[in-house]
Structures are given as C-alpha cells and as structure tokens.
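Everything below belongs to start-v3.pdb, which stores PDB, C-alpha atoms and all ligand atoms.
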ATOM      1  CA  MET U   1      46.211  27.897-259.509
ATOM      2  CA  ASP U   2      43.996  26.382-256.835
ATOM      3  CA  ALA U   3      40.361  25.515-257.469
ATOM      4  CA  ILE U   4      38.876  28.490-255.623
ATOM      5  CA  GLU U   5      41.123  30.939-257.422
ATOM      6  CA  LEU U   6      40.103  29.340-260.722
ATOM      7  CA  LEU U   7      36.399  29.599-259.912
ATOM      8  CA  LEU U   8      36.690  33.214-258.819
ATOM      9  CA  THR U   9      38.965  34.503-261.568
ATOM     10  CA  ARG U  10      38.035  32.563-264.714
ATOM     11  CA  GLN U  11      37.226  34.880-267.549
ATOM     12  CA  SER U  12      36.635  34.779-271.268
ATOM     13  CA  ASP U  13      38.916  36.216-273.877
ATOM     14  CA  SER U  14      38.058  37.042-277.470
ATOM     15  CA  ASN U  15      41.600  38.064-278.403
ATOM     16  CA  LEU U  16      43.361  34.756-278.756
ATOM     17  CA  SER U  17      46.642  34.027-280.435
ATOM     18  CA  PHE U  18      48.975  31.091-281.039
ATOM     19  CA  PRO U  19      49.885  28.739-279.542
ATOM     20  CA  GLY U  20      46.711  26.833-278.865
ATOM     21  CA  PRO U  21      46.633  23.979-276.363
ATOM     22  CA  ASN U  22      49.560  21.599-276.701
ATOM     23  CA  PRO U  23      48.830  17.837-276.660
ATOM     24  CA  ALA U  24      49.299  17.528-272.874
ATOM     25  CA  GLN U  25      47.099  20.554-272.190
ATOM     26  CA  LEU U  26      44.482  19.284-274.622
ATOM     27  CA  GLU U  27      44.390  15.925-272.890
ATOM     28  CA  ILE U  28      43.509  17.655-269.618
ATOM     29  CA  ILE U  29      40.867  19.764-271.373
ATOM     30  CA  LYS U  30      39.327  16.603-272.843
ATOM     31  CA  LYS U  31      39.283  14.847-269.482
ATOM     32  CA  ALA U  32      37.661  17.879-267.835
ATOM     33  CA  ALA U  33      34.924  17.805-270.491
ATOM     34  CA  LEU U  34      33.995  14.283-269.449
ATOM     35  CA  LYS U  35      34.035  14.932-265.701
ATOM     36  CA  VAL U  36      30.679  16.686-265.560
ATOM     37  CA  PRO U  37      27.325  15.922-263.939
ATOM     38  CA  ASP U  38      25.359  13.561-266.166
ATOM     39  CA  HIS U  39      21.875  12.367-265.198
ATOM     40  CA  GLY U  40      21.479   8.676-265.988
ATOM     41  CA  GLY U  41      25.035   8.381-267.290
ATOM     42  CA  LEU U  42      23.861   9.091-270.821
ATOM     43  CA  THR U  43      27.078  10.946-271.756
ATOM     44  CA  PRO U  44      24.981  13.399-273.761
ATOM     45  CA  PHE U  45      27.925  15.135-275.390
ATOM     46  CA  LYS U  46      30.448  14.762-278.146
ATOM     47  CA  PHE U  47      33.123  17.095-279.440
ATOM     48  CA  ILE U  48      34.825  18.020-282.672
ATOM     49  CA  ILE U  49      38.294  19.551-282.476
ATOM     50  CA  VAL U  50      39.048  22.102-285.148
ATOM     51  CA  GLU U  51      42.595  23.323-285.744
ATOM     52  CA  GLU U  52      45.042  23.957-288.566
ATOM     53  CA  ARG U  53      43.355  23.154-291.927
ATOM     54  CA  GLY U  54      40.184  22.242-290.030
ATOM     55  CA  ARG U  55      39.595  25.940-289.400
ATOM     56  CA  GLU U  56      39.517  26.571-293.157
ATOM     57  CA  LYS U  57      37.141  23.647-293.636
ATOM     58  CA  LEU U  58      34.848  24.981-290.920
ATOM     59  CA  GLY U  59      34.976  28.468-292.464
ATOM     60  CA  GLU U  60      33.929  26.967-295.782
ATOM     61  CA  ILE U  61      31.071  25.094-294.104
ATOM     62  CA  TYR U  62      29.965  28.383-292.506
ATOM     63  CA  TYR U  63      30.212  30.227-295.812
ATOM     64  CA  GLN U  64      28.252  27.640-297.803
ATOM     65  CA  ALA U  65      25.577  27.459-295.092
ATOM     66  CA  ALA U  66      25.203  31.233-294.917
ATOM     67  CA  VAL U  67      24.774  31.440-298.706
ATOM     68  CA  LYS U  68      22.357  28.500-298.863
ATOM     69  CA  GLU U  69      20.302  29.764-295.936
ATOM     70  CA  GLN U  70      20.234  33.282-297.387
ATOM     71  CA  GLN U  71      21.811  35.095-294.496
ATOM     72  CA  GLU U  72      22.510  38.825-294.620
ATOM     73  CA  GLN U  73      25.514  39.785-296.734
ATOM     74  CA  ARG U  74      27.523  40.833-293.647
ATOM     75  CA  VAL U  75      27.134  37.288-292.226
ATOM     76  CA  ILE U  76      28.219  35.755-295.544
ATOM     77  CA  ASP U  77      31.201  38.118-295.789
ATOM     78  CA  ARG U  78      32.514  37.217-292.314
ATOM     79  CA  ALA U  79      31.757  33.491-292.418
ATOM     80  CA  ARG U  80      35.112  32.206-293.673
ATOM     81  CA  GLN U  81      37.088  34.298-291.176
ATOM     82  CA  LEU U  82      35.231  33.321-288.015
ATOM     83  CA  PRO U  83      37.151  30.122-287.171
ATOM     84  CA  GLU U  84      40.438  31.978-287.734
ATOM     85  CA  ARG U  85      39.864  33.916-284.515
ATOM     86  CA  ALA U  86      41.651  31.286-282.434
ATOM     87  CA  PRO U  87      44.191  28.526-283.013
ATOM     88  CA  MET U  88      41.732  25.899-281.850
ATOM     89  CA  LEU U  89      37.981  25.517-281.594
ATOM     90  CA  ILE U  90      36.137  22.728-279.883
ATOM     91  CA  ILE U  91      32.595  22.215-281.082
ATOM     92  CA  ALA U  92      30.449  20.831-278.268
ATOM     93  CA  ILE U  93      27.414  18.874-279.351
ATOM     94  CA  SER U  94      24.560  17.430-277.375
ATOM     95  CA  PRO U  95      23.305  14.382-279.274
ATOM     96  CA  TYR U  96      19.779  14.106-277.948
ATOM     97  CA  GLN U  97      18.518  10.648-276.939
ATOM     98  CA  GLU U  98      14.938   9.870-275.889
ATOM     99  CA  HIS U  99      14.884   8.913-272.228
ATOM    100  CA  PRO U 100      11.982   8.483-269.800
ATOM    101  CA  LYS U 101      13.728  10.338-266.967
ATOM    102  CA  VAL U 102      16.210  12.651-268.634
ATOM    103  CA  PRO U 103      14.573  15.383-270.689
ATOM    104  CA  ARG U 104      16.299  17.206-273.497
ATOM    105  CA  ILE U 105      17.133  20.243-271.369
ATOM    106  CA  GLU U 106      19.076  18.128-268.872
ATOM    107  CA  GLN U 107      21.108  16.560-271.652
ATOM    108  CA  ILE U 108      21.946  19.984-273.058
ATOM    109  CA  GLN U 109      22.850  21.247-269.596
ATOM    110  CA  SER U 110      25.361  18.427-269.204
ATOM    111  CA  ALA U 111      26.970  19.319-272.516
ATOM    112  CA  GLY U 112      27.017  22.976-271.416
ATOM    113  CA  CYS U 113      28.833  21.948-268.248
ATOM    114  CA  SER U 114      31.428  20.312-270.495
ATOM    115  CA  VAL U 115      32.030  23.570-272.320
ATOM    116  CA  PHE U 116      32.505  25.396-269.032
ATOM    117  CA  ALA U 117      34.752  22.648-267.669
ATOM    118  CA  MET U 118      36.928  22.812-270.785
ATOM    119  CA  GLN U 119      37.172  26.583-270.539
ATOM    120  CA  GLN U 120      38.215  26.296-266.911
ATOM    121  CA  ALA U 121      40.756  23.566-267.697
ATOM    122  CA  ALA U 122      42.246  25.818-270.372
ATOM    123  CA  PHE U 123      42.297  28.853-268.084
ATOM    124  CA  ALA U 124      43.933  26.923-265.262
ATOM    125  CA  GLN U 125      46.747  26.043-267.668
ATOM    126  CA  GLY U 126      47.444  29.636-268.692
ATOM    127  CA  LEU U 127      45.356  29.485-271.858
ATOM    128  CA  SER U 128      42.130  31.301-272.454
ATOM    129  CA  GLY U 129      38.979  30.977-274.477
ATOM    130  CA  VAL U 130      35.496  32.110-275.210
ATOM    131  CA  TRP U 131      32.252  30.203-275.599
ATOM    132  CA  ARG U 132      30.354  31.334-278.681
ATOM    133  CA  THR U 133      27.132  30.334-280.377
ATOM    134  CA  GLY U 134      25.030  32.477-282.740
ATOM    135  CA  TYR U 135      23.568  31.602-286.134
ATOM    136  CA  PHE U 136      26.263  29.024-286.928
ATOM    137  CA  ALA U 137      25.249  27.000-283.872
ATOM    138  CA  GLN U 138      21.645  26.925-285.055
ATOM    139  CA  SER U 139      22.085  26.477-288.790
ATOM    140  CA  PRO U 140      20.618  23.168-290.062
ATOM    141  CA  GLU U 141      23.111  23.229-292.948
ATOM    142  CA  VAL U 142      26.103  23.569-290.611
ATOM    143  CA  LYS U 143      24.794  20.656-288.556
ATOM    144  CA  LYS U 144      24.340  18.575-291.716
ATOM    145  CA  GLN U 145      27.844  19.352-292.993
ATOM    146  CA  LEU U 146      29.288  18.398-289.594
ATOM    147  CA  GLY U 147      27.513  15.057-289.864
ATOM    148  CA  LEU U 148      25.049  15.792-287.075
ATOM    149  CA  ASP U 149      21.495  14.658-286.684
ATOM    150  CA  GLY U 150      18.761  17.321-286.938
ATOM    151  CA  LYS U 151      17.915  16.765-283.258
ATOM    152  CA  ASP U 152      21.511  17.293-282.142
ATOM    153  CA  GLU U 153      22.242  20.633-280.536
ATOM    154  CA  ILE U 154      25.434  22.580-281.092
ATOM    155  CA  VAL U 155      25.840  23.769-277.531
ATOM    156  CA  GLY U 156      28.814  25.923-278.279
ATOM    157  CA  TYR U 157      32.002  26.672-280.110
ATOM    158  CA  LEU U 158      34.768  26.986-277.556
ATOM    159  CA  TYR U 159      37.531  29.134-279.028
ATOM    160  CA  LEU U 160      40.871  28.415-277.354
ATOM    161  CA  GLY U 161      44.290  30.003-277.505
ATOM    162  CA  THR U 162      46.770  32.197-275.720
ATOM    163  CA  PRO U 163      45.431  35.481-274.359
ATOM    164  CA  THR U 164      46.943  38.524-276.070
ATOM    165  CA  VAL U 165      46.344  40.895-273.166
ATOM    166  CA  GLN U 166      46.840  40.042-269.533
ATOM    167  CA  CYS U 167      44.126  41.935-267.755
ATOM    168  CA  THR U 168      41.720  40.806-265.104
ATOM    169  CA  LYS U 169      38.122  41.810-265.676
ATOM    170  CA  PRO U 170      36.443  43.416-262.689
ATOM    171  CA  THR U 171      33.847  41.319-260.880
ATOM    172  CA  ARG U 172      30.517  42.314-262.387
ATOM    173  CA  HIS U 173      27.952  40.920-260.002
ATOM    174  CA  LYS U 174      27.279  40.996-256.284
ATOM    175  CA  PRO U 175      26.003  37.806-254.611
ATOM    176  CA  GLU U 176      23.362  39.713-252.616
ATOM    177  CA  ASP U 177      21.653  40.717-255.878
ATOM    178  CA  PHE U 178      21.137  37.089-256.895
ATOM    179  CA  PHE U 179      20.820  35.033-253.729
ATOM    180  CA  SER U 180      17.930  35.149-251.318
ATOM    181  CA  SER U 181      16.870  32.903-248.482
ATOM    182  CA  LEU U 182      13.593  31.143-247.920
TER     183      LEU U 182
HETATM  184  C1  LIG U 201      25.615  29.568-274.269
HETATM  185  C2  LIG U 201      26.475  30.791-274.431
HETATM  186  C3  LIG U 201      26.647  31.345-275.688
HETATM  187  C4  LIG U 201      27.437  32.473-275.864
HETATM  188  N1  LIG U 201      27.600  32.984-277.118
HETATM  189  C5  LIG U 201      28.390  34.057-277.303
HETATM  190  C6  LIG U 201      28.640  34.551-278.609
HETATM  191  O1  LIG U 201      28.168  34.022-279.604
HETATM  192  N2  LIG U 201      29.437  35.638-278.727
HETATM  193  C7  LIG U 201      29.999  36.246-277.639
HETATM  194  O2  LIG U 201      30.720  37.232-277.808
HETATM  195  N3  LIG U 201      29.794  35.777-276.387
HETATM  196  C8  LIG U 201      29.012  34.706-276.192
HETATM  197  N4  LIG U 201      28.798  34.222-274.926
HETATM  198  C9  LIG U 201      29.365  34.957-273.773
HETATM  199  C10 LIG U 201      30.841  34.703-273.540
HETATM  200  O3  LIG U 201      31.144  33.327-273.627
HETATM  201  C11 LIG U 201      31.285  35.210-272.146
HETATM  202  O4  LIG U 201      30.695  34.452-271.130
HETATM  203  C12 LIG U 201      30.948  36.659-271.931
HETATM  204  O5  LIG U 201      31.640  37.431-272.871
HETATM  205  C13 LIG U 201      31.302  37.133-270.497
HETATM  206  O6  LIG U 201      32.665  37.032-270.281
HETATM  207  P1  LIG U 201      33.254  36.296-268.982
HETATM  208  O7  LIG U 201      33.064  34.822-269.214
HETATM  209  O8  LIG U 201      34.687  36.744-268.938
HETATM  210  O9  LIG U 201      32.479  36.783-267.807
HETATM  211  C14 LIG U 201      28.045  33.087-274.741
HETATM  212  C15 LIG U 201      27.899  32.502-273.477
HETATM  213  C16 LIG U 201      27.121  31.370-273.325
HETATM  214  C17 LIG U 201      26.974  30.768-271.953
END

Please re-express this file's structure in structure tokens.
Ligand SMILES: Cc1cc2nc3c(=O)[nH]c(=O)nc-3n(C[C@H](O)[C@H](O)[C@H](O)COP(=O)(O)O)c2cc1C
Amino acid sequence: MDAIELLLTRQSDSNLSFPGPNPAQLEIIKKAALKVPDHGGLTPFKFIIVEERGREKLGEIYYQAAVKEQQEQRVIDRARQLPERAPMLIIAISPYQEHPKVPRIEQIQSAGCSVFAMQQAAFAQGLSGVWRTGYFAQSPEVKKQLGLDGKDEIVGYLYLGTPTVQCTKPTRHKPEDFFSSL
C-alpha cells in the first residue's frame, strides 16, 4: 500500500479478531509511534502494550475502578469484558511536563499523533484497529493502577487485531465543506 492510498483509505474497525500484530508488525507500529511531530523534542508519550493475560489484568483494573468510583451498574457489568474486544491494546499516555514553550495541549497532540500513526502502521500491514477513550481513559483510579501520575493523560486505547469483515467505509466528508481560502 502506498502512502497516499493509506491516507485516503485508512479506517477504524471495532470487530477485531486474532491474530493481533506479530512481533515484526508490532516493531513497525512502535517505530511509527515515535516518528511524530514533537515540539521541543520532549517525547511527550509513553505506551503500555496489553495482550494475553494483560487483557484480564486491565479488565480487573477497569472493574475495580468502576466499583470504587461508583459508576452505573451497566459500566461495572461491562468493565471486565472491554479489553477482550481485541487481541492487543496499546495504551497511549501523555506524561505532562512543565515547559516554558510547550503547553499541555501540544504535548497531548503529539501523543495523539502517535495513536494515529500506530493505527496507520497497523492498517498498512493488513491489520486494523480503533482508537477508544471514554470513562476508563479519564478515571483517576485506572491511572493510579497503571502507575501513572495524576497529571498524565490517557490519550487513547488503541485496539488492534485482524478485521473480521472486509468492507471499505464510504468517504463521509467533502473537502469543500471544511476548507476555505483567505
Ligand atoms: C480521541 C478519540 C477518542 C475516541 N473514542 C472513541 C470511543 O471511545 N469509542 C468509539 O467507538 N469511537 C471512538 N473514537 C472514534 C473512532 O476511533 C473512529 O475514529 C470513528 O469510529 C470513525 O471511524 P473511522 O476512523 O473509520 O473514520 C474516538 C476517536 C478519537 C480521535
């Protein structure tokens, strides 16, 4: 797949099955994550790979957090199953550092670029994925159990695996609706 085709056809997939990325594919995904714009060279990102038993551990972290933080029963009931939706998850974190020229938003944007780069690297290798957030990206208890600092941001959970259906989503947006000239 060439770069333009990748940029114009990349899509997300929620229905993901085994296998997840193999070691060679994962290496490329990791390298793509680090090849992103980064103001001041702060490398404002780090990643936790979750697979195999790690998915159970993450589900347990979700469950305990949802109970402790008194989430609705439907959130508690689903918590343990959520990480089982893909063979691999990559948790992308933006560890905020005070900097005179690089505000928090720019650091989070860099980490967001990493998520997108990893999704593209997966897609280009015949895998697929979806970037998710929600309550479990905001939960202080989840952050604590993952060993994160309170100021750290969970920028996303990138679910990765093999797509179960091969269908290309139609293009949703027209450039003329979003681009104007000055
Ligand atoms: C920061 C961010 C958080 C997201 N969180 C969720 C989420 O929690 N659940 C979800 O279904 N989609 C979420 N999405 C949207 C999907 O990742 C995806 O972009 C969307 O379904 C559109 O599909 P497409 O990428 O094929 O166009 C999120 C996207 C972004 C950028």

As an mmCIF file with C-alpha atoms, keeping the file's coordinate frame, please: the residues near U:Gly126 (cut-off 9 Å, only C-alpha atoms, same-chain neighbours under 3 positions excluded).
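Writing done, so here's part-v2.cif:
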data_model
loop_
_atom_site.group_PDB
_atom_site.id
_atom_site.type_symbol
_atom_site.label_atom_id
_atom_site.label_comp_id
_atom_site.auth_asym_id
_atom_site.auth_seq_id
_atom_site.Cartn_x
_atom_site.Cartn_y
_atom_site.Cartn_z
ATOM 1 C CA ALA U 122 42.246 25.818 -270.372
ATOM 2 C CA PHE U 123 42.297 28.853 -268.084
ATOM 3 C CA THR U 162 46.770 32.197 -275.720
ATOM 4 C CA PRO U 163 45.431 35.481 -274.359
#

Return as a PyMOL selection string every polymer residue, whether protein, DNA or RNA, with at least one atom no more than 6 Å from an atom of ligand LIG 201 (chain U); count only C-alpha atoms and all ligand atoms. chain U and resi 11-12+130-134

Those same residues, written as an mmCIF file, keeping the file's coordinate frame with C-alpha atoms?
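After the write, again_37.cif holds the following:
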data_model
loop_
_atom_site.group_PDB
_atom_site.id
_atom_site.type_symbol
_atom_site.label_atom_id
_atom_site.label_comp_id
_atom_site.auth_asym_id
_atom_site.auth_seq_id
_atom_site.Cartn_x
_atom_site.Cartn_y
_atom_site.Cartn_z
ATOM 1 C CA GLN U 11 37.226 34.880 -267.549
ATOM 2 C CA SER U 12 36.635 34.779 -271.268
ATOM 3 C CA VAL U 130 35.496 32.110 -275.210
ATOM 4 C CA TRP U 131 32.252 30.203 -275.599
ATOM 5 C CA ARG U 132 30.354 31.334 -278.681
ATOM 6 C CA THR U 133 27.132 30.334 -280.377
ATOM 7 C CA GLY U 134 25.030 32.477 -282.740
#

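Residue nearest U:Ile76 within the list U:Ser114, U:Phe136, U:Cys167, U:Phe45: U:Phe136 [criterion: smallest interatomic distance, only C-alpha atoms].
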
Applied to this file, what does the PyMOL selection byres (((chain U and resi 138) around 12) and not hetatm) return in terms of residues, put as a ChimeraX atom specification? /U:62,65-66,69,93,132-137,139-144,148,150-157

Using all atoms listed in the file, which of U:Pro83, U:Gly54, U:Gly129, U:Gly147 sits nearest U:Pro95? U:Gly147

Check the smallest atom-to-atom distance from each of U:Glu52, U:Ala86, U:Arg78, U:Glu106 to U:Gln64 using all atoms listed in the file, then report the winner.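 Comparing U:Glu52, U:Ala86, U:Arg78, U:Glu106 against U:Gln64, the winner is U:Arg78.
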
Name the residues captured by the PyMOL selection byres (((chain U and resi 19) around 7) and not hetatm) when it is applied to the shown file; answer as a short mmCIF file (atom, residue, chain, number, x, y, z; two decimals) with C-alpha atoms, in the frame of the given file.
data_model
loop_
_atom_site.label_atom_id
_atom_site.label_comp_id
_atom_site.auth_asym_id
_atom_site.auth_seq_id
_atom_site.Cartn_x
_atom_site.Cartn_y
_atom_site.Cartn_z
CA SER U 17 46.64 34.03 -280.44
CA PHE U 18 48.98 31.09 -281.04
CA GLY U 20 46.71 26.83 -278.86
CA PRO U 21 46.63 23.98 -276.36
CA PRO U 87 44.19 28.53 -283.01
CA GLY U 161 44.29 30.00 -277.50
CA THR U 162 46.77 32.20 -275.72
#

Atom CA of U:Glu60 and atom CA of U:Ala79, how far apart in Å?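 Taking atom CA of U:Ala79 and atom CA of U:Glu60, their separation equals 7.7 Å.
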
Taking 3 positions as the minimum chain separation for residues in the same chain, which residues sit within 10 Å of U:Thr171 when counting only C-alpha atoms? Answer as a PyMOL selection string. chain U and resi 8-9+11+168+174

Would you kindly translate the PyMOL selection byres (((chain U and resi 30) around 12) and not hetatm) into the concrete residues it picks from this file, as a ChimeraX atom specification? /U:21,23-29,31-36,45-49,90,92,114-122
